[in-house]
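Trainee: Quick one: structure below, then a few questions.
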Amino acid sequence: MLIDTSRMNRQQREALEVAESAREAKGEKPSFASKLFMGEFEPELLTPFPFQDDLEREKGSQLVRKLADYLVDRLDPEEVDETRTIPPEVIEEMMRLGVFAMKIPEKYDGLGLSQVNYNRVMMMIASHCGSTAVLVSAHQSIGVPQPLKLFGTEAQKRKYLPLFRKGAISAFALTEPDVGSDPAQMSTVAEPTEDGEHFLLSGTKLWCTNGTIADVIVVMAQTPSKTVRGKERKQITAFIVETKWAGVEVMHRCDFMGIRGIQNGLLRFDKVKVPRENILLGEGKGLKLALVTLNTGRLTLPAACTGMAKQCLSIARRWGKHRKQWGSAVGMHEAGRTKIASIAANTLAMEAITLLTSHWADQGDKDIRIEAAMAKLFCSEMAWKIVDDTMQLRGGRGYEKASSLRARGEPGFPVERMMRECRINRIIEGTTEVMKLFLAREAMDPHLRVAAGLLKHHVPISEKFRAGVGVAAYYSGWYPRQWVNGSVWHSHQEGGDLASEFRYVEAAAHRLARTIFHFMGLYQDRLEKRQNILGHLMEIGTELFAIATTCSYANGLLERHPTDKSPMDLAKLFARQSRLRIEEHYRGLKRNADRSGNALAKRVLEDEFTWLEDGIVESEPNAYRDRC
């Protein structure tokens, strides 16, 4: 364990130990973003930008066209939103087309689509109906097909994967009502039977998307603890569970602000008899399976966000030209122009990040843990901004339901529904805050490996001395390079007309690296509690990744279509706006109200300011009073 746990309480220590034990070991595969955090800019990892060959692209295009034509003709997203139901005939047709087996290899009766083509399909579905996109994504991005393809035995694959071409739907059950994302406190348990051939699974799982209609579910549960190096370690194990088995019960279907057609619910497992051969990956390896599955699964969410952004761009463009106010189109007023230009530039960046990470997932020669998290963080946050700008541009018509607009004879642009559907993206598969903490842990990993012995308390002086010698040797070379380096004279010809943006990213990576180092030295093991500081630093790294990726994508588009300079113009605007955001984050590191805000929040939680709540009708007045 690289992180010092000596000052933590038992619950904090257990949570960290469980999470750390599940982290993927650093391998030999390169990571572009990981290098950025250490002050290394390697554009050769993303240039030239990868594009599909014609045959592969057409394979995806055929399904996109066929499914798009069907959904436009037969699926009304407003009706799905109103009735909370995706029509069964639509699901049946998608099954016939192989949509629920897109990522399953052909040898198991799947379509065998690449991650790029899969995400192209998801982008299109999300641009039309968020609920339908979540149905397909939860089934295939994190549901049984994904971990089974990654970790399943050949017998498991032969048994379960062909079912998904025949109509079976899957889900993934991890979250619990009182646990959330803390696996150390998981209460669902699986006890082995006396003969050791089965496990009896008992517990409750919340927010299990597709769970209310699923045929097969991956369920995470605690299995008996094991002693590792003299210490007791909790074991989280993943099981394949068939919902037809005795003891599986749907307790409640949840209803949400948006994506109202999804089948998400509360599930109870009461001594469900699960065969030992239904363990995925291995006993005690469930959390590792979950983390790896989510890494790949996160790539779908950026695609869905990009589909929504493209739809917003289409709406903003048409409305911006059509709607006249004070003598000219709303899109020609400066406020309107600014929004529309920003929507277009940000949409290009989202598409670039989505496609690059998808290609990298297909190529399999890079470690994309950090890039997948950045893609999720960037695209979910940017999609929210784009939808908000689109609503503001549309004014009252943005706030009005599409069905109401149509009823009175106007085009039914679904901005209101898209805003409700978009909001969940900043929460699911790792909230924005969790993504920043995940990125911070990965970004600081190289430093922790160098300085772990020095940072830990209660270790022998001799060990600290040896660690100190190693730290001094490493940083005596590394730290000066963050101030004096080749970024001053590197031309970055691979950036073409965007070479100046590449030069900026290289110089900014050095600045970011030394800033992280300064804060690690200032706060040491207390830095993990300074979540606002970590958030700013991770946002800066994400913006740099976005600039580099967008510029590489724009250059690739120009090479394919030399007469069309528009991608370059969008990339330049995006880079300019991104640089402004980066400077705002640096200012936030130095000038903020974190200290006073933290102190005041503590007083709020101690009920010192309840007088400010006077004069309202209190919602759920008895909630939590017995617990506090």
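Please note that chains go A, B, ... in the order of the structure tokens, that every chain numbers its residues from 1, and that ligands are numbered from 1 in the order shown.
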Set the distance at 7 Å and use only C-alpha atoms: which residues neighbour range 236-248 of chain A once local chain neighbours fewer than 5 positions away are removed? I'd like the list as a ChimeraX atom specification.
Mentor: /A:214-223,268-272,274,278-280,283-287
Trainee: Could you name the residues that touch range 389-401 of chain A at 12 Å or less, counting only C-alpha atoms, but leaving out those on the same chain fewer than 4 positions away, as a ChimeraX atom specification?
Mentor: /A:77-79,81-82,308-325,329-344,346,382-385,405-408,410-420
Trainee: Can you pull out every residue within 12 Å of Asn210 in chain A, counting only C-alpha atoms, but drop anything in the same chain fewer than 5 positions away, and send it as a compact mmCIF listing (two decimals) with N, CA and C atoms, in the first residue's frame?
Mentor:
```
# COMPACT_ATOMS: atom_id res chain seq x y z
N SER A 131 -33.76 7.43 -22.87
CA SER A 131 -34.18 6.21 -22.18
C SER A 131 -33.76 4.96 -22.95
N THR A 132 -33.93 5.01 -24.27
CA THR A 132 -33.56 3.86 -25.09
C THR A 132 -32.04 3.68 -25.10
N ALA A 133 -31.32 4.78 -25.10
CA ALA A 133 -29.85 4.70 -25.05
C ALA A 133 -29.39 4.05 -23.75
N VAL A 134 -30.02 4.41 -22.63
CA VAL A 134 -29.63 3.83 -21.35
C VAL A 134 -29.98 2.35 -21.29
N LEU A 135 -31.13 1.97 -21.84
CA LEU A 135 -31.51 0.56 -21.89
C LEU A 135 -30.42 -0.27 -22.56
N VAL A 136 -29.97 0.19 -23.73
CA VAL A 136 -28.97 -0.55 -24.50
C VAL A 136 -27.61 -0.48 -23.82
N SER A 137 -27.24 0.69 -23.31
CA SER A 137 -25.93 0.87 -22.71
C SER A 137 -25.77 0.11 -21.41
N ALA A 138 -26.76 0.20 -20.53
CA ALA A 138 -26.66 -0.51 -19.25
C ALA A 138 -26.57 -2.01 -19.47
N HIS A 139 -27.26 -2.49 -20.49
CA HIS A 139 -27.23 -3.91 -20.83
C HIS A 139 -25.85 -4.34 -21.32
N GLN A 140 -25.21 -3.48 -22.13
CA GLN A 140 -24.06 -3.93 -22.90
C GLN A 140 -22.74 -3.30 -22.48
N ILE A 142 -22.00 -2.07 -19.24
CA ILE A 142 -21.60 -2.53 -17.91
C ILE A 142 -22.33 -3.79 -17.48
N GLY A 143 -23.39 -4.16 -18.21
CA GLY A 143 -24.13 -5.37 -17.88
C GLY A 143 -23.33 -6.62 -18.18
N VAL A 144 -23.97 -7.77 -18.15
CA VAL A 144 -23.29 -9.07 -18.24
C VAL A 144 -22.36 -9.20 -19.45
N ALA A 168 -32.53 -11.90 -24.39
CA ALA A 168 -32.20 -11.71 -22.98
C ALA A 168 -31.64 -10.31 -22.74
N ILE A 169 -31.97 -9.75 -21.58
CA ILE A 169 -31.49 -8.43 -21.17
C ILE A 169 -30.71 -8.59 -19.88
N SER A 170 -29.65 -7.79 -19.73
CA SER A 170 -28.78 -7.93 -18.56
C SER A 170 -28.68 -6.64 -17.77
N ALA A 171 -28.09 -6.75 -16.57
CA ALA A 171 -27.90 -5.59 -15.69
C ALA A 171 -26.68 -5.83 -14.83
N PHE A 172 -26.32 -4.80 -14.06
CA PHE A 172 -25.13 -4.82 -13.21
C PHE A 172 -25.55 -4.28 -11.85
N ALA A 173 -25.38 -5.07 -10.78
CA ALA A 173 -25.86 -4.70 -9.45
C ALA A 173 -24.69 -4.52 -8.50
N ASP A 215 -32.89 -10.52 -17.38
CA ASP A 215 -32.88 -11.99 -17.29
C ASP A 215 -31.63 -12.49 -16.58
N VAL A 216 -30.54 -11.75 -16.74
CA VAL A 216 -29.26 -12.12 -16.14
C VAL A 216 -28.61 -10.88 -15.55
N ILE A 217 -28.05 -11.00 -14.34
CA ILE A 217 -27.45 -9.85 -13.66
C ILE A 217 -26.08 -10.25 -13.10
N VAL A 218 -25.13 -9.31 -13.19
CA VAL A 218 -23.88 -9.46 -12.44
C VAL A 218 -24.11 -8.82 -11.08
N THR A 243 -32.32 -14.17 -13.00
CA THR A 243 -33.43 -13.62 -12.21
C THR A 243 -34.59 -14.58 -12.06
N VAL A 250 -38.02 -8.20 -7.33
CA VAL A 250 -38.02 -6.77 -7.64
C VAL A 250 -38.92 -6.08 -6.62
N ARG A 253 -39.73 -0.15 -8.64
CA ARG A 253 -39.19 0.49 -9.84
C ARG A 253 -39.05 1.98 -9.56
N CYS A 254 -37.85 2.51 -9.71
CA CYS A 254 -37.59 3.92 -9.40
C CYS A 254 -38.08 4.83 -10.53
N GLY A 261 -38.07 6.42 -19.07
CA GLY A 261 -38.44 5.12 -19.59
C GLY A 261 -37.54 3.99 -19.13
N ILE A 262 -36.52 4.30 -18.33
CA ILE A 262 -35.60 3.23 -17.94
C ILE A 262 -36.23 2.35 -16.86
N GLN A 263 -35.82 1.10 -16.87
CA GLN A 263 -36.28 0.13 -15.88
C GLN A 263 -35.20 0.00 -14.81
N ASN A 264 -35.30 0.85 -13.83
CA ASN A 264 -34.28 0.92 -12.78
C ASN A 264 -34.97 0.67 -11.44
N GLY A 265 -34.38 -0.18 -10.60
CA GLY A 265 -35.12 -0.50 -9.40
C GLY A 265 -34.32 -0.99 -8.21
N LEU A 266 -35.08 -1.34 -7.20
CA LEU A 266 -34.57 -1.90 -5.95
C LEU A 266 -34.80 -3.40 -6.00
N LEU A 267 -33.74 -4.19 -5.87
CA LEU A 267 -33.82 -5.64 -5.97
C LEU A 267 -33.40 -6.28 -4.66
```
Trainee: DSSP on the backbone: what in range 129-287 of chain A comes out strand (DSSP E), as number ranges by chain?
Mentor: A: 170-173, 189-192, 198-209, 216-228, 231-242, 248-253, 264-275, 279-280
Trainee: As JSON, numbers by chain, please: every residue in range 318-463 of chain A that DSSP puts in helix (DSSP H, G or I).
Mentor: {"A": [318, 319, 320, 321, 322, 330, 331, 332, 334, 335, 336, 337, 338, 339, 340, 341, 342, 343, 344, 345, 346, 347, 348, 349, 350, 351, 352, 353, 354, 355, 356, 357, 358, 359, 360, 361, 362, 363, 369, 370, 371, 372, 373, 374, 375, 376, 377, 378, 379, 380, 381, 382, 383, 384, 385, 386, 387, 388, 389, 390, 391, 392, 393, 394, 396, 397, 398, 399, 402, 403, 404, 405, 406, 407, 415, 416, 417, 418, 419, 420, 421, 422, 423, 424, 425, 426, 432, 433, 434, 435, 436, 437, 438, 439, 440, 441, 442, 443, 444, 445, 446, 447, 448, 449, 450, 451, 452, 453, 454, 455, 461, 462, 463]}
Trainee: Quick one: pull the distance between CA of Thr300 in chain A and CA of Ser187 in chain A, Å, one decimal.
Mentor: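 Between CA of Thr300 in chain A and CA of Ser187 in chain A the gap works out to 29.2 Å.
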Trainee: Quick one: everything within 9 Å of Lys226 in chain A, counting only C-alpha atoms, minus sequence neighbours fewer than 3 positions away in the same chain. Send it as a short mmCIF file (atom, residue, chain, number, x, y, z; two decimals) with N, CA and C atoms, in the first residue's frame.
Mentor:
```cif
data_model
loop_
_atom_site.label_atom_id
_atom_site.label_comp_id
_atom_site.auth_asym_id
_atom_site.auth_seq_id
_atom_site.Cartn_x
_atom_site.Cartn_y
_atom_site.Cartn_z
N LYS A 231 -3.15 -10.04 7.66
CA LYS A 231 -4.26 -9.13 7.90
C LYS A 231 -5.52 -9.65 7.24
N GLU A 232 -6.64 -9.48 7.92
CA GLU A 232 -7.92 -9.92 7.35
C GLU A 232 -8.36 -8.96 6.25
N ARG A 233 -8.69 -9.51 5.07
CA ARG A 233 -9.11 -8.70 3.94
C ARG A 233 -10.53 -9.07 3.52
N LYS A 234 -11.35 -8.05 3.36
CA LYS A 234 -12.70 -8.29 2.86
C LYS A 234 -12.61 -8.75 1.41
N GLN A 235 -13.51 -9.65 1.05
CA GLN A 235 -13.54 -10.21 -0.30
C GLN A 235 -14.84 -9.81 -0.99
N GLY A 284 -13.17 -13.07 -4.65
CA GLY A 284 -12.46 -11.92 -4.10
C GLY A 284 -11.99 -10.91 -5.13
#
```
Trainee: Just the residues within 12 Å of Ile533 in chain A, please, counting only C-alpha atoms, with nothing from its chain fewer than 2 positions along; format it as a PDB file with C-alpha atoms, in the first residue's frame.
Mentor:
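As written to disk, out_28.pdb reads:
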```
ATOM      1  CA  GLU A 433     -16.521  14.653  -7.870  1.00  0.00           C
ATOM      2  CA  LYS A 436     -11.780  14.016 -10.056  1.00  0.00           C
ATOM      3  CA  LEU A 437     -10.697  11.957  -7.037  1.00  0.00           C
ATOM      4  CA  ALA A 440      -6.099  12.540  -8.660  1.00  0.00           C
ATOM      5  CA  THR A 515       2.068  22.681  -9.391  1.00  0.00           C
ATOM      6  CA  ILE A 516       0.946  19.190  -8.360  1.00  0.00           C
ATOM      7  CA  HIS A 518       4.188  21.891  -4.887  1.00  0.00           C
ATOM      8  CA  PHE A 519       0.817  20.995  -3.403  1.00  0.00           C
ATOM      9  CA  MET A 520       1.976  17.483  -2.540  1.00  0.00           C
ATOM     10  CA  LEU A 522       2.703  21.568   1.040  1.00  0.00           C
ATOM     11  CA  TYR A 523      -0.057  19.229   2.239  1.00  0.00           C
ATOM     12  CA  ARG A 526      -3.442  15.762   3.893  1.00  0.00           C
ATOM     13  CA  LEU A 527      -3.778  16.580   0.196  1.00  0.00           C
ATOM     14  CA  GLU A 528      -6.360  13.841  -0.318  1.00  0.00           C
ATOM     15  CA  LYS A 529      -8.718  15.859   1.902  1.00  0.00           C
ATOM     16  CA  ARG A 530      -8.261  19.027  -0.156  1.00  0.00           C
ATOM     17  CA  GLN A 531     -10.764  17.953  -2.760  1.00  0.00           C
ATOM     18  CA  GLY A 535     -10.505  19.173  -8.507  1.00  0.00           C
ATOM     19  CA  HIS A 536      -8.884  22.260 -10.026  1.00  0.00           C
ATOM     20  CA  LEU A 537      -5.716  20.329 -10.861  1.00  0.00           C
ATOM     21  CA  MET A 538      -7.608  17.474 -12.484  1.00  0.00           C
ATOM     22  CA  GLU A 539      -9.752  19.898 -14.498  1.00  0.00           C
ATOM     23  CA  ILE A 540      -6.562  21.503 -15.825  1.00  0.00           C
ATOM     24  CA  HIS A 585      -8.613  27.018 -12.318  1.00  0.00           C
ATOM     25  CA  TYR A 586      -5.139  28.328 -11.490  1.00  0.00           C
ATOM     26  CA  ARG A 587      -6.681  31.438  -9.968  1.00  0.00           C
ATOM     27  CA  GLY A 588      -9.005  29.188  -7.978  1.00  0.00           C
ATOM     28  CA  LEU A 589      -6.010  27.416  -6.462  1.00  0.00           C
ATOM     29  CA  LYS A 590      -4.730  30.670  -4.961  1.00  0.00           C
ATOM     30  CA  ARG A 591      -7.803  32.814  -4.413  1.00  0.00           C
ATOM     31  CA  ASN A 592     -10.766  30.985  -2.964  1.00  0.00           C
ATOM     32  CA  ALA A 593     -13.040  30.803   0.053  1.00  0.00           C
ATOM     33  CA  ASP A 594     -12.365  27.137   0.821  1.00  0.00           C
ATOM     34  CA  ARG A 595     -11.085  27.633   4.377  1.00  0.00           C
TER      35      ARG A 595
END
```
Trainee: Under the rule that only C-alpha atoms are counted, which of A:Asn425, A:Thr610, A:Gln146, A:Gln185 is the nearest residue to Leu294 in chain A?
Mentor: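 Using only C-alpha atoms, Leu294 in chain A sits closest to A:Gln146.
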Trainee: Find the residues near range 97-100 of chain A: any atom within 8 Å, counting only C-alpha atoms, skip ones fewer than 2 places away on the same chain, and give them as a ChimeraX atom specification.
Mentor: /A:67,93-95,102,110-111,136,139-140,164-165,167,169
Trainee: Which one is closest to His510 in chain A: A:Cys305, A:Met38, A:Leu174, A:Ala375? Count only C-alpha atoms.
Mentor: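 Of A:Cys305, A:Met38, A:Leu174, A:Ala375, the one nearest His510 in chain A, counting only C-alpha atoms, is A:Met38.
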Trainee: With distances taken over only C-alpha atoms, which of A:Glu197, A:Glu494, A:Glu613, A:Glu501 is nearest to Pro43 in chain A?
Mentor: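 Smallest distance to Pro43 in chain A is found for A:Glu494.
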Trainee: Would you pick out the contacts of Phe32 in chain A at 9 Å or less, using only C-alpha atoms, so that residues sharing its chain but fewer than 3 positions from it are not included, and give the list as a list in words?
Mentor: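 What passes the distance filter is Lys35, Leu36, Glu40, Phe41, Glu42, Pro43, Leu45, Leu46, Lys366, Asp367, Ile368, Ile370, Glu371 and Phe545 of chain A.
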Trainee: From the set A:Arg466, A:Ile353, A:Val471, A:His490, which residue has the shortest atom-to-atom contact distance to Val450 in chain A, counting only C-alpha atoms?
Mentor: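 So, comparing all the options, the nearest one is A:Val471.
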Trainee: What separation in Å, quoted to one decimal, exists between CA of Asn555 in chain A and CA of Thr47 in chain A?
Mentor: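 Computed distance, CA of Asn555 in chain A to CA of Thr47 in chain A, equals 8.9 Å.
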